[in-house]
>>> print(open('coords-v8.cif').read())   # mmCIF, C-alpha atoms
data_work
#
loop_
_atom_site.group_PDB
_atom_site.id
_atom_site.type_symbol
_atom_site.label_atom_id
_atom_site.label_comp_id
_atom_site.auth_asym_id
_atom_site.auth_seq_id
_atom_site.Cartn_x
_atom_site.Cartn_y
_atom_site.Cartn_z
ATOM 1 C CA MET A 592 28.902 -43.508 -26.874
ATOM 2 C CA GLY A 593 32.410 -42.801 -28.045
ATOM 3 C CA SER A 594 32.496 -41.280 -31.530
ATOM 4 C CA THR A 595 29.369 -43.151 -32.661
ATOM 5 C CA GLY A 596 27.054 -40.242 -31.966
ATOM 6 C CA LEU A 597 24.645 -42.673 -30.289
ATOM 7 C CA ARG A 598 22.900 -41.632 -27.078
ATOM 8 C CA VAL A 599 23.030 -44.306 -24.393
ATOM 9 C CA THR A 600 22.430 -44.706 -20.675
ATOM 10 C CA PRO A 601 24.926 -46.111 -18.140
ATOM 11 C CA VAL A 602 22.855 -49.298 -17.756
ATOM 12 C CA GLY A 603 21.438 -51.048 -20.818
ATOM 13 C CA LEU A 604 19.323 -54.160 -21.258
ATOM 14 C CA GLY A 605 20.728 -57.233 -22.993
ATOM 15 C CA LEU A 606 18.222 -59.728 -24.395
ATOM 16 C CA ALA A 607 20.452 -62.826 -24.535
ATOM 17 C CA ALA A 608 18.540 -64.547 -21.724
ATOM 18 C CA LEU A 609 15.058 -63.334 -22.714
ATOM 19 C CA GLY A 610 14.888 -64.208 -26.395
ATOM 20 C CA ARG A 611 15.285 -67.998 -26.184
ATOM 21 C CA PRO A 612 14.219 -70.757 -23.781
ATOM 22 C CA GLY A 613 17.718 -71.862 -22.775
ATOM 23 C CA TYR A 614 20.790 -69.880 -21.758
ATOM 24 C CA LEU A 615 23.968 -70.180 -19.689
ATOM 25 C CA THR A 616 22.781 -68.593 -16.459
ATOM 26 C CA VAL A 617 22.949 -69.881 -12.894
ATOM 27 C CA ASP A 618 19.474 -70.399 -11.326
ATOM 28 C CA ARG A 619 17.702 -69.735 -14.630
ATOM 29 C CA ALA A 620 15.095 -72.416 -13.902
ATOM 30 C CA HIS A 621 14.173 -70.628 -10.679
ATOM 31 C CA ASP A 622 13.946 -67.262 -12.429
ATOM 32 C CA LEU A 623 11.912 -68.365 -15.456
ATOM 33 C CA GLY A 624 9.886 -71.312 -14.223
ATOM 34 C CA HIS A 625 8.645 -74.083 -16.509
ATOM 35 C CA ASP A 626 6.710 -72.154 -19.145
ATOM 36 C CA ARG A 627 9.265 -71.422 -21.848
ATOM 37 C CA SER A 628 6.800 -71.098 -24.720
ATOM 38 C CA VAL A 629 7.313 -68.424 -27.352
ATOM 39 C CA GLU A 630 4.258 -66.597 -26.060
ATOM 40 C CA ALA A 631 5.445 -66.695 -22.435
ATOM 41 C CA LEU A 632 8.910 -65.393 -23.263
ATOM 42 C CA GLU A 633 7.567 -62.665 -25.530
ATOM 43 C CA ARG A 634 5.272 -61.551 -22.717
ATOM 44 C CA ARG A 635 8.153 -61.628 -20.239
ATOM 45 C CA SER A 636 10.410 -59.742 -22.660
ATOM 46 C CA HIS A 637 7.782 -57.023 -22.975
ATOM 47 C CA GLU A 638 7.451 -56.782 -19.188
ATOM 48 C CA VAL A 639 11.199 -56.428 -18.650
ATOM 49 C CA LEU A 640 11.602 -54.019 -21.588
ATOM 50 C CA SER A 641 8.831 -51.835 -20.176
ATOM 51 C CA ALA A 642 10.398 -51.907 -16.716
ATOM 52 C CA ALA A 643 13.738 -50.949 -18.269
ATOM 53 C CA TYR A 644 12.249 -48.058 -20.210
ATOM 54 C CA ASP A 645 10.346 -46.842 -17.152
ATOM 55 C CA ALA A 646 13.609 -46.987 -15.171
ATOM 56 C CA GLY A 647 15.248 -44.671 -17.706
ATOM 57 C CA ILE A 648 17.208 -47.305 -19.649
ATOM 58 C CA ARG A 649 17.564 -46.313 -23.299
ATOM 59 C CA TYR A 650 20.014 -48.867 -24.761
ATOM 60 C CA VAL A 651 18.823 -52.361 -25.735
ATOM 61 C CA ASP A 652 21.133 -55.081 -27.062
ATOM 62 C CA ALA A 653 20.044 -58.055 -29.178
ATOM 63 C CA ALA A 654 21.536 -60.511 -31.693
ATOM 64 C CA ARG A 655 20.409 -62.728 -34.538
ATOM 65 C CA SER A 656 21.277 -65.791 -32.442
ATOM 66 C CA TYR A 657 19.284 -64.757 -29.363
ATOM 67 C CA GLY A 658 16.319 -66.835 -30.473
ATOM 68 C CA PHE A 659 13.449 -64.406 -31.124
ATOM 69 C CA ALA A 660 15.022 -61.458 -29.283
ATOM 70 C CA GLU A 661 14.855 -59.111 -32.271
ATOM 71 C CA ARG A 662 11.268 -60.170 -32.949
ATOM 72 C CA PHE A 663 10.232 -59.634 -29.326
ATOM 73 C CA LEU A 664 11.947 -56.249 -29.264
ATOM 74 C CA ALA A 665 10.273 -55.228 -32.522
ATOM 75 C CA SER A 666 6.815 -56.171 -31.253
ATOM 76 C CA TRP A 667 7.425 -54.228 -28.024
ATOM 77 C CA LEU A 668 8.572 -51.152 -29.941
ATOM 78 C CA ARG A 669 5.415 -51.278 -32.051
ATOM 79 C CA GLN A 670 3.268 -51.779 -28.966
ATOM 80 C CA ARG A 671 4.819 -48.772 -27.211
ATOM 81 C CA ALA A 672 4.782 -46.736 -30.449
ATOM 82 C CA LEU A 673 8.171 -45.251 -29.584
ATOM 83 C CA PRO A 674 9.881 -43.017 -32.155
ATOM 84 C CA PRO A 675 13.296 -44.438 -33.168
ATOM 85 C CA LYS A 676 15.113 -41.534 -31.497
ATOM 86 C CA ARG A 677 13.708 -42.457 -28.081
ATOM 87 C CA VAL A 678 15.723 -45.677 -27.758
ATOM 88 C CA THR A 679 19.097 -46.872 -29.058
ATOM 89 C CA VAL A 680 19.145 -50.439 -30.390
ATOM 90 C CA GLY A 681 22.165 -52.623 -31.057
ATOM 91 C CA SER A 682 22.213 -56.092 -32.567
ATOM 92 C CA LYS A 683 24.791 -58.580 -33.754
ATOM 93 C CA TRP A 684 25.466 -60.912 -36.668
ATOM 94 C CA GLY A 685 27.701 -63.960 -37.004
ATOM 95 C CA TYR A 686 25.768 -66.694 -35.178
ATOM 96 C CA THR A 687 22.532 -68.389 -36.215
ATOM 97 C CA TYR A 688 20.087 -69.758 -33.655
ATOM 98 C CA VAL A 689 19.443 -73.460 -34.385
ATOM 99 C CA GLY A 690 18.065 -74.621 -31.017
ATOM 100 C CA ASN A 691 14.531 -75.122 -32.374
ATOM 101 C CA TRP A 692 13.156 -73.627 -29.144
ATOM 102 C CA GLN A 693 14.442 -76.527 -27.063
ATOM 103 C CA VAL A 694 16.147 -75.926 -23.710
ATOM 104 C CA ASP A 695 18.125 -79.154 -24.065
ATOM 105 C CA ALA A 696 19.038 -78.769 -27.749
ATOM 106 C CA ARG A 697 22.300 -80.480 -28.666
ATOM 107 C CA VAL A 698 23.423 -77.305 -30.487
ATOM 108 C CA HIS A 699 21.932 -73.888 -29.749
ATOM 109 C CA GLU A 700 23.787 -71.653 -32.206
ATOM 110 C CA VAL A 701 26.158 -71.979 -35.140
ATOM 111 C CA LYS A 702 28.969 -69.527 -35.837
ATOM 112 C CA ASP A 703 29.495 -68.144 -39.346
ATOM 113 C CA HIS A 704 31.509 -64.962 -39.877
ATOM 114 C CA SER A 705 31.372 -65.123 -43.682
ATOM 115 C CA LEU A 706 30.320 -62.309 -45.991
ATOM 116 C CA ALA A 707 27.284 -64.361 -47.004
ATOM 117 C CA ALA A 708 26.201 -64.591 -43.355
ATOM 118 C CA LEU A 709 26.602 -60.833 -42.872
ATOM 119 C CA GLN A 710 24.619 -60.058 -46.012
ATOM 120 C CA ARG A 711 21.819 -62.414 -44.979
ATOM 121 C CA GLN A 712 21.641 -61.393 -41.350
ATOM 122 C CA ILE A 713 21.723 -57.618 -41.845
ATOM 123 C CA GLU A 714 18.651 -57.978 -44.049
ATOM 124 C CA GLU A 715 16.965 -60.133 -41.399
ATOM 125 C CA SER A 716 17.756 -57.629 -38.658
ATOM 126 C CA ARG A 717 16.569 -54.686 -40.728
ATOM 127 C CA ALA A 718 13.369 -56.486 -41.683
ATOM 128 C CA LEU A 719 12.491 -56.764 -38.005
ATOM 129 C CA LEU A 720 13.965 -53.586 -36.543
ATOM 130 C CA GLY A 721 13.898 -51.160 -39.449
ATOM 131 C CA ASP A 722 14.881 -47.611 -38.497
ATOM 132 C CA TYR A 723 15.325 -48.618 -34.852
ATOM 133 C CA LEU A 724 18.584 -50.455 -35.626
ATOM 134 C CA ASP A 725 21.479 -48.152 -34.691
ATOM 135 C CA LEU A 726 24.482 -50.390 -33.992
ATOM 136 C CA TYR A 727 25.465 -53.638 -35.752
ATOM 137 C CA GLN A 728 28.239 -55.752 -34.261
ATOM 138 C CA ILE A 729 30.236 -58.832 -35.185
ATOM 139 C CA HIS A 730 29.121 -61.437 -32.666
ATOM 140 C CA SER A 731 32.084 -62.821 -30.706
ATOM 141 C CA ALA A 732 34.827 -61.951 -33.149
ATOM 142 C CA THR A 733 37.933 -64.092 -32.736
ATOM 143 C CA LEU A 734 41.357 -64.195 -34.325
ATOM 144 C CA GLU A 735 40.712 -67.800 -35.342
ATOM 145 C CA SER A 736 37.593 -67.044 -37.407
ATOM 146 C CA GLY A 737 39.566 -64.726 -39.678
ATOM 147 C CA VAL A 738 36.758 -62.153 -39.736
ATOM 148 C CA LEU A 739 39.125 -59.283 -38.942
ATOM 149 C CA ASP A 740 41.182 -60.145 -42.040
ATOM 150 C CA ASP A 741 38.255 -60.778 -44.401
ATOM 151 C CA ARG A 742 38.363 -57.851 -46.815
ATOM 152 C CA GLY A 743 34.925 -58.674 -48.197
ATOM 153 C CA VAL A 744 33.338 -58.516 -44.757
ATOM 154 C CA LEU A 745 35.262 -55.385 -43.788
ATOM 155 C CA ALA A 746 34.291 -53.620 -47.022
ATOM 156 C CA LYS A 747 30.631 -54.478 -46.431
ATOM 157 C CA LEU A 748 30.879 -53.150 -42.873
ATOM 158 C CA ASN A 749 32.276 -49.901 -44.289
ATOM 159 C CA ILE A 750 29.277 -49.676 -46.616
ATOM 160 C CA LEU A 751 26.890 -50.233 -43.711
ATOM 161 C CA ARG A 752 28.705 -47.576 -41.702
ATOM 162 C CA ALA A 753 28.402 -45.134 -44.596
ATOM 163 C CA SER A 754 24.660 -45.871 -44.687
ATOM 164 C CA GLY A 755 24.305 -44.532 -41.152
ATOM 165 C CA LEU A 756 24.766 -47.628 -38.977
ATOM 166 C CA ALA A 757 27.362 -47.591 -36.235
ATOM 167 C CA ILE A 758 29.598 -50.665 -36.548
ATOM 168 C CA GLY A 759 31.139 -52.608 -33.690
ATOM 169 C CA LEU A 760 32.255 -56.025 -32.530
ATOM 170 C CA SER A 761 31.735 -58.152 -29.460
ATOM 171 C CA VAL A 762 34.430 -60.381 -28.012
ATOM 172 C CA SER A 763 34.506 -63.310 -25.632
ATOM 173 C CA GLY A 764 36.966 -65.757 -24.124
ATOM 174 C CA PRO A 765 40.418 -65.521 -22.542
ATOM 175 C CA ARG A 766 41.877 -63.709 -25.589
ATOM 176 C CA GLN A 767 39.456 -60.789 -25.593
ATOM 177 C CA ALA A 768 42.271 -58.255 -25.223
ATOM 178 C CA ASP A 769 44.152 -59.670 -28.230
ATOM 179 C CA VAL A 770 41.054 -59.415 -30.420
ATOM 180 C CA ILE A 771 40.315 -55.844 -29.317
ATOM 181 C CA ARG A 772 43.868 -54.733 -30.080
ATOM 182 C CA ARG A 773 43.797 -56.450 -33.471
ATOM 183 C CA ALA A 774 40.479 -54.769 -34.281
ATOM 184 C CA LEU A 775 41.950 -51.380 -33.403
ATOM 185 C CA GLN A 776 44.522 -51.934 -36.171
ATOM 186 C CA VAL A 777 42.043 -52.927 -38.887
ATOM 187 C CA GLU A 778 41.984 -50.795 -42.017
ATOM 188 C CA ILE A 779 40.067 -51.256 -45.246
ATOM 189 C CA ASP A 780 40.101 -48.576 -47.937
ATOM 190 C CA GLY A 781 41.772 -46.250 -45.448
ATOM 191 C CA VAL A 782 39.040 -46.671 -42.850
ATOM 192 C CA ASN A 783 38.661 -48.724 -39.681
ATOM 193 C CA PRO A 784 34.978 -49.698 -39.794
ATOM 194 C CA PHE A 785 34.695 -50.249 -36.037
ATOM 195 C CA GLN A 786 33.373 -47.636 -33.640
ATOM 196 C CA SER A 787 32.552 -49.729 -30.582
ATOM 197 C CA VAL A 788 33.386 -52.916 -28.697
ATOM 198 C CA GLN A 789 31.329 -55.109 -26.374
ATOM 199 C CA ALA A 790 33.305 -57.300 -23.986
ATOM 200 C CA THR A 791 32.992 -59.361 -20.838
ATOM 201 C CA TRP A 792 34.245 -57.530 -17.772
ATOM 202 C CA ASN A 793 33.302 -58.403 -14.232
ATOM 203 C CA LEU A 794 34.840 -58.685 -10.792
ATOM 204 C CA LEU A 795 35.886 -62.263 -11.502
ATOM 205 C CA GLU A 796 37.203 -61.597 -15.038
ATOM 206 C CA PRO A 797 38.619 -58.076 -15.477
ATOM 207 C CA SER A 798 41.478 -58.992 -17.846
ATOM 208 C CA ALA A 799 40.107 -57.073 -20.867
ATOM 209 C CA GLY A 800 40.188 -53.793 -18.930
ATOM 210 C CA PRO A 801 43.470 -52.365 -20.305
ATOM 211 C CA ALA A 802 42.502 -53.138 -23.915
ATOM 212 C CA LEU A 803 39.056 -51.615 -23.367
ATOM 213 C CA ALA A 804 40.748 -48.480 -22.025
ATOM 214 C CA GLU A 805 42.780 -48.338 -25.241
ATOM 215 C CA ALA A 806 39.612 -48.689 -27.311
ATOM 216 C CA HIS A 807 37.990 -45.873 -25.337
ATOM 217 C CA ALA A 808 41.057 -43.671 -25.862
ATOM 218 C CA ALA A 809 40.748 -44.336 -29.608
ATOM 219 C CA GLY A 810 37.210 -42.954 -29.540
ATOM 220 C CA TRP A 811 35.333 -46.239 -29.484
ATOM 221 C CA GLY A 812 32.216 -46.793 -27.448
ATOM 222 C CA VAL A 813 32.608 -49.506 -24.797
ATOM 223 C CA ILE A 814 29.791 -51.854 -23.755
ATOM 224 C CA VAL A 815 30.299 -54.282 -20.872
ATOM 225 C CA LYS A 816 28.438 -57.595 -20.915
ATOM 226 C CA GLU A 817 28.211 -60.377 -18.332
ATOM 227 C CA ALA A 818 28.858 -58.023 -15.424
ATOM 228 C CA LEU A 819 27.211 -60.622 -13.170
ATOM 229 C CA ALA A 820 29.331 -63.476 -14.554
ATOM 230 C CA ASN A 821 26.328 -65.423 -15.879
ATOM 231 C CA GLY A 822 24.698 -65.341 -12.462
ATOM 232 C CA ARG A 823 27.727 -66.119 -10.333
ATOM 233 C CA LEU A 824 27.593 -62.570 -8.928
ATOM 234 C CA ALA A 825 23.808 -62.268 -8.864
ATOM 235 C CA SER A 826 23.651 -62.061 -5.079
ATOM 236 C CA GLN A 827 25.846 -58.945 -5.268
ATOM 237 C CA ASP A 828 24.308 -57.533 -8.419
ATOM 238 C CA ARG A 829 24.290 -53.841 -7.512
ATOM 239 C CA ILE A 830 27.893 -53.931 -6.340
ATOM 240 C CA ALA A 831 28.973 -55.895 -9.439
ATOM 241 C CA VAL A 832 27.264 -53.488 -11.849
ATOM 242 C CA ALA A 833 28.482 -50.433 -9.920
ATOM 243 C CA ALA A 834 32.044 -51.784 -10.046
ATOM 244 C CA ALA A 835 31.809 -52.142 -13.815
ATOM 245 C CA LEU A 836 30.406 -48.615 -14.122
ATOM 246 C CA ALA A 837 33.286 -47.289 -12.033
ATOM 247 C CA ASN A 838 35.684 -47.960 -14.901
ATOM 248 C CA PRO A 839 36.278 -44.596 -16.625
ATOM 249 C CA TRP A 840 36.282 -46.226 -20.062
ATOM 250 C CA VAL A 841 32.781 -47.727 -19.802
ATOM 251 C CA ASP A 842 29.793 -46.264 -21.665
ATOM 252 C CA VAL A 843 27.170 -48.944 -20.989
ATOM 253 C CA VAL A 844 26.910 -51.933 -18.659
ATOM 254 C CA LEU A 845 24.303 -54.451 -19.791
ATOM 255 C CA SER A 846 21.758 -55.957 -17.437
ATOM 256 C CA GLY A 847 20.881 -59.521 -18.369
ATOM 257 C CA ALA A 848 17.741 -59.472 -16.230
ATOM 258 C CA VAL A 849 14.885 -61.889 -16.899
ATOM 259 C CA THR A 850 12.561 -60.526 -14.193
ATOM 260 C CA VAL A 851 11.328 -57.030 -13.435
ATOM 261 C CA GLU A 852 12.810 -57.282 -9.934
ATOM 262 C CA GLN A 853 16.259 -58.158 -11.298
ATOM 263 C CA LEU A 854 16.057 -55.306 -13.784
ATOM 264 C CA GLN A 855 15.145 -52.764 -11.140
ATOM 265 C CA SER A 856 17.937 -53.934 -8.851
ATOM 266 C CA ASN A 857 20.501 -53.804 -11.676
ATOM 267 C CA ALA A 858 19.336 -50.335 -12.741
ATOM 268 C CA ALA A 859 19.676 -49.021 -9.188
ATOM 269 C CA ALA A 860 23.427 -49.664 -9.403
ATOM 270 C CA ALA A 861 23.792 -46.528 -11.533
ATOM 271 C CA ALA A 862 23.262 -44.460 -8.378
ATOM 272 C CA LEU A 863 25.751 -46.464 -6.279
ATOM 273 C CA ARG A 864 29.236 -45.002 -5.905
ATOM 274 C CA LEU A 865 31.961 -47.285 -4.609
ATOM 275 C CA SER A 866 34.958 -45.803 -2.809
ATOM 276 C CA PRO A 867 38.540 -46.448 -4.006
ATOM 277 C CA ALA A 868 39.039 -48.657 -0.961
ATOM 278 C CA GLU A 869 35.918 -50.677 -1.771
ATOM 279 C CA LEU A 870 37.002 -51.090 -5.397
ATOM 280 C CA ALA A 871 40.466 -52.192 -4.300
ATOM 281 C CA GLY A 872 38.930 -54.812 -2.045
ATOM 282 C CA LEU A 873 36.639 -56.064 -4.786
ATOM 283 C CA ALA A 874 39.587 -56.357 -7.196
ATOM 284 C CA LYS A 875 40.846 -59.242 -5.054
ATOM 285 C CA LEU A 876 37.959 -61.394 -6.340
ATOM 286 C CA ALA A 877 39.565 -61.655 -9.789
ATOM 287 C CA GLU A 878 40.369 -65.107 -11.115
ATOM 288 C CA PRO A 879 42.950 -66.033 -13.764
ATOM 289 C CA ALA A 880 41.261 -65.534 -17.152
ATOM 290 C CA GLU A 881 41.823 -69.107 -18.291
ATOM 291 C CA GLN A 882 40.276 -70.432 -15.090
ATOM 292 C CA TYR A 883 37.250 -68.133 -15.395
ATOM 293 C CA TRP A 884 36.491 -69.120 -18.995
ATOM 294 C CA LYS A 885 37.005 -72.792 -18.217
ATOM 295 C CA GLU A 886 34.459 -72.474 -15.412
ATOM 296 C CA ARG A 887 32.054 -70.620 -17.709
ATOM 297 C CA SER A 888 32.320 -73.359 -20.331
ATOM 298 C CA ARG A 889 31.029 -75.850 -17.748
ATOM 299 C CA LEU A 890 27.746 -73.956 -17.248
ATOM 300 C CA ALA A 891 24.768 -75.877 -18.560
ATOM 301 C CA TRP A 892 22.100 -74.406 -20.811
ATOM 302 C CA SER A 893 18.983 -74.266 -18.677
#
>>> encode(input="coords-v8.cif", output="structure tokens")
Amino acid sequence: MGSTGLRVTPVGLGLAALGRPGYLTVDRAHDLGHDRSVEALERRSHEVLSAAYDAGIRYVDAARSYGFAERFLASWLRQRALPPKRVTVGSKWGYTYVGNWQVDARVHEVKDHSLAALQRQIEESRALLGDYLDLYQIHSATLESGVLDDRGVLAKLNILRASGLAIGLSVSGPRQADVIRRALQVEIDGVNPFQSVQATWNLLEPSAGPALAEAHAAGWGVIVKEALANGRLASQDRIAVAAALANPWVDVVLSGAVTVEQLQSNAAAAALRLSPAELAGLAKLAEPAEQYWKERSRLAWS
């Protein structure tokens, strides 16, 4: 994956929708049913993780704010007794889960890109994932949060990189491209700590594509999230994932599956090749970025 030295597969598994009872996904109630207990979601996480591994998927993506995603992943890794080299694990810091395991919580997560948050959350992630943790990312970095100008945070990220962790950032919202380009310019003690970027790209919202191509050209790994637009493209999942994989700058496209069937269908997209004419036709589905993110903001946690 770029210059990180990490081994990944074209399709990865993201745990955003598996690690907590509520998430912003269309038809989530149908997919998960009524039992959202910790035990039920841990069991489901294990089932989907096993299906992913059996399908050849070797990259798994978590975050501190994905409820118990890191915990569920850690228990699955212990259960499977996999050596750390057999799977590549990424996680993220910068948000804290505060939903108290309630689907209808008033607030599900709280953003904090401070040095104190990084220092606390890297210890929490390492306590759960240990030597399995390979990539640590700023969760939804923005220009407004100031994290890309915080010399304390950047210096700490350099230290973590020197310790053997790959360092990246994820981005979200209509200004993804601006954040990626700003991150490419970051320098602290003569080093840019970042080696990868995770961004939303899908057939409805492809606006970050040119900036992601620039990141790839700079040697960064590129991870695509929300390829199914939070469920809006679920009925065309293989085509949507295959279209994302068709971008020459992509290393990994994340599946956000919450069922074994969804996972298997998403994974099958790796074998689907779309023609230039098909890709050109699909490009016509794109919406203005502002419109897409406004629509996304209206999705209810369910």
>>> atom_distance(input="coords-v8.cif", atom1="CA of Ser763 in chain A", atom2="CA of Ser731 in chain A")
5.6 Å
>>> closest_residue(input="coords-v8.cif", among="A:Leu706, A:Val689, A:Ala860, A:Leu623", to="Asp740 in chain A", atoms="all atoms listed in the file")
A:Leu706
>>> closest_residue(input="coords-v8.cif", among="A:Gly872, A:Pro867, A:Gly847, A:Gly764", to="Leu615 in chain A", atoms="all atoms listed in the file")
A:Gly847
>>> closest_residue(input="coords-v8.cif", among="A:Arg671, A:Gly605, A:Ile713, A:Pro765", to="Glu817 in chain A", atoms="only C-alpha atoms")
A:Gly605
>>> atom_distance(input="coords-v8.cif", atom1="CA of Gly610 in chain A", atom2="CA of Asp722 in chain A")
20.5 Å
>>> closest_residue(input="coords-v8.cif", among="A:Arg635, A:Lys885, A:Lys747, A:Lys683", to="Asp622 in chain A", atoms="only C-alpha atoms")
A:Arg635
>>> residues_around(input="coords-v8.cif", residues="range 667-669 of chain A", least_positions_apart="6", cutoff="10 Å", atoms="only C-alpha atoms", output="PyMOL selection string")
chain A and resi 633-634+636-638+640-641+661+675+678+720+723
>>> build_atoms(input="coords-v8.cif", residues="range 667-678 of chain A", atoms="N, CA and C atoms", output="compact mmCIF listing (two decimals), keeping the file's coordinate frame")
# COMPACT_ATOMS: atom_id res chain seq x y z
N TRP A 667 7.55 -55.16 -29.15
CA TRP A 667 7.42 -54.23 -28.02
C TRP A 667 7.52 -52.78 -28.50
N LEU A 668 8.43 -52.51 -29.42
CA LEU A 668 8.57 -51.15 -29.94
C LEU A 668 7.30 -50.70 -30.64
N ARG A 669 6.68 -51.61 -31.39
CA ARG A 669 5.42 -51.28 -32.05
C ARG A 669 4.32 -51.05 -31.01
N GLN A 670 4.28 -51.89 -30.01
CA GLN A 670 3.27 -51.78 -28.97
C GLN A 670 3.39 -50.45 -28.22
N ARG A 671 4.60 -50.04 -27.92
CA ARG A 671 4.82 -48.77 -27.21
C ARG A 671 4.75 -47.56 -28.14
N ALA A 672 4.82 -47.82 -29.45
CA ALA A 672 4.78 -46.74 -30.45
C ALA A 672 5.86 -45.69 -30.18
N LEU A 673 7.08 -46.17 -29.88
CA LEU A 673 8.17 -45.25 -29.58
C LEU A 673 8.84 -44.78 -30.87
N PRO A 674 9.09 -43.49 -31.02
CA PRO A 674 9.88 -43.02 -32.16
C PRO A 674 11.30 -43.59 -32.07
N PRO A 675 11.95 -43.85 -33.20
CA PRO A 675 13.30 -44.44 -33.17
C PRO A 675 14.30 -43.65 -32.34
N LYS A 676 14.15 -42.35 -32.25
CA LYS A 676 15.11 -41.53 -31.50
C LYS A 676 14.98 -41.69 -29.99
N ARG A 677 13.93 -42.34 -29.52
CA ARG A 677 13.71 -42.46 -28.08
C ARG A 677 14.47 -43.62 -27.45
N VAL A 678 15.00 -44.52 -28.28
CA VAL A 678 15.72 -45.68 -27.76
C VAL A 678 16.83 -46.03 -28.74
